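> Before anything else, here's the structure in question.
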Amino acid sequence: MFNKDRWEEILEALTANKFRTLLTAFGVFWGITILVLLLALTNGLKNGVTASFSNFAANSMFTWTQRISIPYKGMPKGRRFNYKLNDVAALKSEFPELKYVSPRNSLGGYRGANNVIRGTKIGAFQIYGDYPEFIEQLPMDILQGRFINYSDIDDKRKTCVIGVDVVAALYDKGEEVIGSYIKINGVNFMVVGVFKNVNSQGDSEEEANTIFIPFTTFNQAFNYGDRVSWMAITAYDQFGITQLKDRIFNFLKTRHSVHPNDDRAFGHRDISEQFAKVTGLFTILTIVGYFVGALILLSGIIGISNIMLIVVKERTKEIGVRRALGATPWNIRLQILQESLILTIIAGMTGVAFAGGVIWLMNYSLDQSGPVENFANPSVGMPVVFTALTILIVSGLLAGMIPANSATKMKPVDALRIE
């Protein structure tokens with residue numbers, strides 16, 4: 001490996017027919033480029049979709065009530081019912097596996113009718129009544145002030161936390177936000193915090209146009225009593241919410257006199273289950289990426305093997321001279337293997353470098369144009385580079401194996417006779 005003469009011979013052999021060597025190397029170059037780019041694009045799609053789930057704690061679900069679909073205990077089909085605050089306490093008591101059970105109510109919508117006034121400015125925003133632990137379930141960055149706390153809940157304070165787009169719509173640039181007042185459906189609330197979402201994926205426009213107020217204040221100010229529109233439920237990490245949800249719904253069916261087989265009475269969105277499906281999908285896509293890239297790379301390796309067979313044929317007399325001068329079959333085999341390996345590694349690592357440049361351009365374009373929905377930060381890690389290098393080394397050895405064996409089977413006398 002450290003023999004200068006051997007390296008000079010390898011270089012001379014590879015440059016003897018530059019155009020042929022270039023075409024041969026291109027197959028490997030293109031195969032490894034496609035492999036790396038496929039994995040980077042898959043990773044970018046995974047990052048984008050996963051980011052939309054990171055808006056909410058992964059081991060969580062939302063649940064709400066719907067119409068009864070099966071008559072039960074004298075009550076008719078089609079009956080409506082609502083969660084109550086005591087359902088929250090009952091769930092916490094019955095299921096120690098649950099980390100958070102957050103009741104929620106809401107009003108309006110940022111695309112609906114105007115419901116918020118500040119001075120001469122008005123706007124339509126989504127108003128949520130929440131508990132303090134909700135910030136643990138929906139991570140957000142508090143840019144100014146604070147989030148709702150239990151003093152707000154216990155004293156039913158008229159406080160609110162507003163999104164960055166609410167600030168942009170209702171406040172002049174540089175105007176003090178914390179401590180100011182806004183009027184929500186005719187009720188004055190003092191702003192105690194400003195937030196933005198932790199990432200730019202998902203429906204970030206809606207999230208930035210959101211206002212949070214204490215749940216107890218919401219119910220009192222807007223005459224909701226003890227009604228709960230829906231609940232956000234998060235389990236401890238060691239307990240999967242997907243495995244718990246059947247028990248939770250059976251418990252709620254009993255509390256609200258719902259038929260045990262009536263699965264339509266409760267709506268839900270299982271974040272954990274959806275996340276698991278997405279993770280499985282991207283695992284399959286990664287495998288497909290490796291498979292397609294490997295097939296393309298294989299065609300390049302076959303090309304190198306064929307060219308090396310031609311090179312061995314062209315150098316038959318040279319091999320015969322070497323054998324006559326005392327070169328062992330292993331020396332001949334090693335020479336051919338090294339040439340194949342060097343050609344494969346140079347072509348492959350050039351492909352990796354080229355793919356890296358394309359990935360950099362993709363990320364630069366994304367930074368300049370802004371976020372793309374469900375796609376972010378296409379990239380590959382060092383394990384992929386090391387995997388590619390391993391594939392190249394193995395491929396180079398395999399590509400040279402047949403020509404090397406062909407070269408060692410020649411008898412020196414027969415090789416010297418060939419003109």
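So you can find residues: chains in the structure tokens are A, B, ... in the order shown, residues in each start at 1, and ligands are numbered from 1 in order.
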With region 262-271 of chain A as the partner and 12 Å as the cut-off, tabulate the residues of region 207-245 of chain A that qualify, each row holding the nearest pair of atoms and their distance in Å to one decimal, using only C-alpha atoms, sorted by chain and rising number, as CSV.

```
residue,atom,partner,partner_atom,distance
A:Ser229,CA,A:Gly267,CA,11.4
A:Trp230,CA,A:His268,CA,9.2
A:Met231,CA,A:His268,CA,9.4
A:Ala232,CA,A:Arg269,CA,9.6
A:Ile233,CA,A:Asp270,CA,9.6
A:Thr234,CA,A:Ile271,CA,9.7
A:Ala235,CA,A:Ile271,CA,11.4
A:Gly240,CA,A:Asp270,CA,10.6
A:Ile241,CA,A:Asp270,CA,7.8
A:Thr242,CA,A:Asp270,CA,6.9
A:Gln243,CA,A:Asp270,CA,10.6
A:Leu244,CA,A:Asp270,CA,10.9
A:Lys245,CA,A:Asp270,CA,8.7
```
> Could you name the residues that touch Ile178 (chain A) at 9 Å or less, counting only C-alpha atoms, but leaving out those on the same chain fewer than 4 positions away, as a PDB file with N, CA and C atoms, in the first residue's frame?

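This went into around28.pdb:
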```pdb
ATOM      1  N   GLN A 144     -42.184  37.813  25.492  1.00  0.00           N
ATOM      2  CA  GLN A 144     -42.299  38.859  26.516  1.00  0.00           C
ATOM      3  C   GLN A 144     -43.248  38.370  27.593  1.00  0.00           C
ATOM      4  N   GLY A 145     -42.992  38.782  28.823  1.00  0.00           N
ATOM      5  CA  GLY A 145     -43.919  38.464  29.907  1.00  0.00           C
ATOM      6  C   GLY A 145     -43.924  37.002  30.282  1.00  0.00           C
ATOM      7  N   MET A 190     -56.074  42.129  30.273  1.00  0.00           N
ATOM      8  CA  MET A 190     -54.737  42.705  30.306  1.00  0.00           C
ATOM      9  C   MET A 190     -53.738  41.715  29.718  1.00  0.00           C
ATOM     10  N   VAL A 191     -52.878  42.207  28.823  1.00  0.00           N
ATOM     11  CA  VAL A 191     -51.871  41.364  28.185  1.00  0.00           C
ATOM     12  C   VAL A 191     -50.710  41.139  29.150  1.00  0.00           C
ATOM     13  N   VAL A 192     -50.413  39.864  29.442  1.00  0.00           N
ATOM     14  CA  VAL A 192     -49.311  39.539  30.356  1.00  0.00           C
ATOM     15  C   VAL A 192     -48.183  38.788  29.646  1.00  0.00           C
ATOM     16  N   GLY A 193     -48.387  38.444  28.366  1.00  0.00           N
ATOM     17  CA  GLY A 193     -47.335  37.706  27.658  1.00  0.00           C
ATOM     18  C   GLY A 193     -47.542  37.731  26.154  1.00  0.00           C
ATOM     19  N   VAL A 194     -46.428  37.567  25.427  1.00  0.00           N
ATOM     20  CA  VAL A 194     -46.443  37.462  23.968  1.00  0.00           C
ATOM     21  C   VAL A 194     -45.686  36.193  23.601  1.00  0.00           C
TER      22      VAL A 194
END
```
> Restricting the calculation to only C-alpha atoms: of A:Ala40, A:Ile391, A:Leu298, A:Leu252, which residue gets closest to Ala90 (chain A)?
A:Leu252
> May I have the residues within 12 Å of Val394 (chain A) as a list in words, using only C-alpha atoms and disregarding those fewer than 5 positions away in the same chain?
Leu297, Leu298, Ile301, Leu337, Ser340, Leu341, Ile342, Thr344, Ile345, Gly348, Thr387, Ala388, Leu389, Ala399, Gly400 and Met401 of chain A
> Tell me, in Å to one decimal, how far CA of Tyr364 (chain A) is from CA of Gly280 (chain A).
28.8 Å
> Identify which of the residues A:Phe251, A:Gly396, A:Asn82, A:Phe95 lies closest to Gly300 (chain A), counting only C-alpha atoms when measuring atom-to-atom distances.
A:Gly396
> State, in Å with one decimal place, the distance from CA of Thr216 (chain A) to CA of Tyr150 (chain A).
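CA of Thr216 (chain A) sits 10.2 Å away from CA of Tyr150 (chain A).
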> Pick from A:Asn219, A:Ser93, A:Thr390, A:Asn149: nearest to Ser106 (chain A), with only C-alpha atoms counted?
A:Asn219
> So, counting only C-alpha atoms, which residue among A:Phe134, A:Phe19, A:Phe291, A:Trp30 is closest to Met349 (chain A)?
A:Trp30
> Env of Ser379 (chain A): 9 Å cut, atoms = only C-alpha atoms, seq-sep filter 3 positions within chain, self excluded. Answer as an mmCIF file with N, CA, C and O atoms, in the first residue's frame.

```
data_model
loop_
_atom_site.group_PDB
_atom_site.id
_atom_site.type_symbol
_atom_site.label_atom_id
_atom_site.label_comp_id
_atom_site.auth_asym_id
_atom_site.auth_seq_id
_atom_site.Cartn_x
_atom_site.Cartn_y
_atom_site.Cartn_z
ATOM 1 N N VAL A 36 -26.978 9.467 -1.937
ATOM 2 C CA VAL A 36 -26.903 10.500 -0.894
ATOM 3 C C VAL A 36 -28.054 11.501 -1.027
ATOM 4 O O VAL A 36 -28.679 11.894 -0.034
ATOM 5 N N LEU A 37 -28.380 11.894 -2.250
ATOM 6 C CA LEU A 37 -29.457 12.870 -2.447
ATOM 7 C C LEU A 37 -30.818 12.283 -2.061
ATOM 8 O O LEU A 37 -31.656 12.984 -1.469
ATOM 9 N N LEU A 39 -31.375 10.025 0.227
ATOM 10 C CA LEU A 39 -31.423 9.996 1.692
ATOM 11 C C LEU A 39 -31.606 11.398 2.261
ATOM 12 O O LEU A 39 -32.326 11.594 3.248
ATOM 13 N N ALA A 40 -30.975 12.399 1.641
ATOM 14 C CA ALA A 40 -31.121 13.780 2.109
ATOM 15 C C ALA A 40 -32.546 14.281 1.913
ATOM 16 O O ALA A 40 -33.122 14.929 2.796
ATOM 17 N N LEU A 41 -33.143 13.988 0.745
ATOM 18 C CA LEU A 41 -34.516 14.416 0.478
ATOM 19 C C LEU A 41 -35.502 13.715 1.409
ATOM 20 O O LEU A 41 -36.446 14.332 1.907
ATOM 21 N N THR A 42 -35.265 12.428 1.655
ATOM 22 C CA THR A 42 -36.115 11.703 2.602
ATOM 23 C C THR A 42 -36.018 12.315 3.993
ATOM 24 O O THR A 42 -37.023 12.498 4.697
ATOM 25 N N ASN A 43 -34.789 12.669 4.380
ATOM 26 C CA ASN A 43 -34.578 13.283 5.689
ATOM 27 C C ASN A 43 -35.243 14.661 5.764
ATOM 28 O O ASN A 43 -35.790 15.044 6.792
ATOM 29 N N GLY A 44 -35.186 15.422 4.653
ATOM 30 C CA GLY A 44 -35.834 16.728 4.627
ATOM 31 C C GLY A 44 -37.334 16.613 4.777
ATOM 32 O O GLY A 44 -37.966 17.390 5.511
ATOM 33 N N GLY A 356 -23.060 16.719 -1.545
ATOM 34 C CA GLY A 356 -23.002 17.684 -0.439
ATOM 35 C C GLY A 356 -23.216 19.101 -0.924
ATOM 36 O O GLY A 356 -23.896 19.907 -0.268
ATOM 37 N N ILE A 359 -26.905 19.551 -1.711
ATOM 38 C CA ILE A 359 -27.661 19.675 -0.450
ATOM 39 C C ILE A 359 -27.496 21.076 0.132
ATOM 40 O O ILE A 359 -28.458 21.686 0.626
ATOM 41 N N TRP A 360 -26.264 21.609 0.087
ATOM 42 C CA TRP A 360 -26.026 22.969 0.590
ATOM 43 C C TRP A 360 -26.856 23.975 -0.197
ATOM 44 O O TRP A 360 -27.448 24.898 0.376
ATOM 45 N N ASN A 363 -30.510 23.819 0.918
ATOM 46 C CA ASN A 363 -30.728 24.497 2.199
ATOM 47 C C ASN A 363 -30.613 26.013 2.062
ATOM 48 O O ASN A 363 -31.366 26.762 2.689
#
```
> When DSSP works through the backbone of this structure, what residues of region 206-360 of chain A end up as strand (DSSP E or B), shown as a ChimeraX atom specification?
/A:210-214,227-228,230-235,266-270
> Can you write just those residues out, C-alpha atoms, as a short mmCIF file (atom, residue, chain, number, x, y, z; two decimals), in the first residue's frame?

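result_28.cif, freshly written:
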```
data_model
loop_
_atom_site.label_atom_id
_atom_site.label_comp_id
_atom_site.auth_asym_id
_atom_site.auth_seq_id
_atom_site.Cartn_x
_atom_site.Cartn_y
_atom_site.Cartn_z
CA THR A 210 -54.09 32.96 18.86
CA ILE A 211 -54.96 34.44 22.27
CA PHE A 212 -54.82 32.36 25.46
CA ILE A 213 -56.83 33.33 28.55
CA PRO A 214 -57.33 31.45 31.87
CA ARG A 227 -68.54 22.88 30.18
CA VAL A 228 -65.37 21.59 28.48
CA TRP A 230 -62.35 19.17 24.47
CA MET A 231 -59.38 17.87 26.43
CA ALA A 232 -55.69 17.57 25.66
CA ILE A 233 -54.38 14.42 27.38
CA THR A 234 -50.69 13.55 27.70
CA ALA A 235 -49.33 10.34 29.24
CA PHE A 266 -66.22 10.43 21.30
CA GLY A 267 -63.99 12.01 18.70
CA HIS A 268 -60.26 11.96 19.14
CA ARG A 269 -56.95 12.66 17.46
CA ASP A 270 -54.13 10.41 18.62
#
```
> Considering only C-alpha atoms, can you say which of A:Ile184, A:Val352, A:Leu366, A:Leu398 comes closest to Phe386 (chain A)?
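Smallest separation from Phe386 (chain A) among the options: A:Val352.
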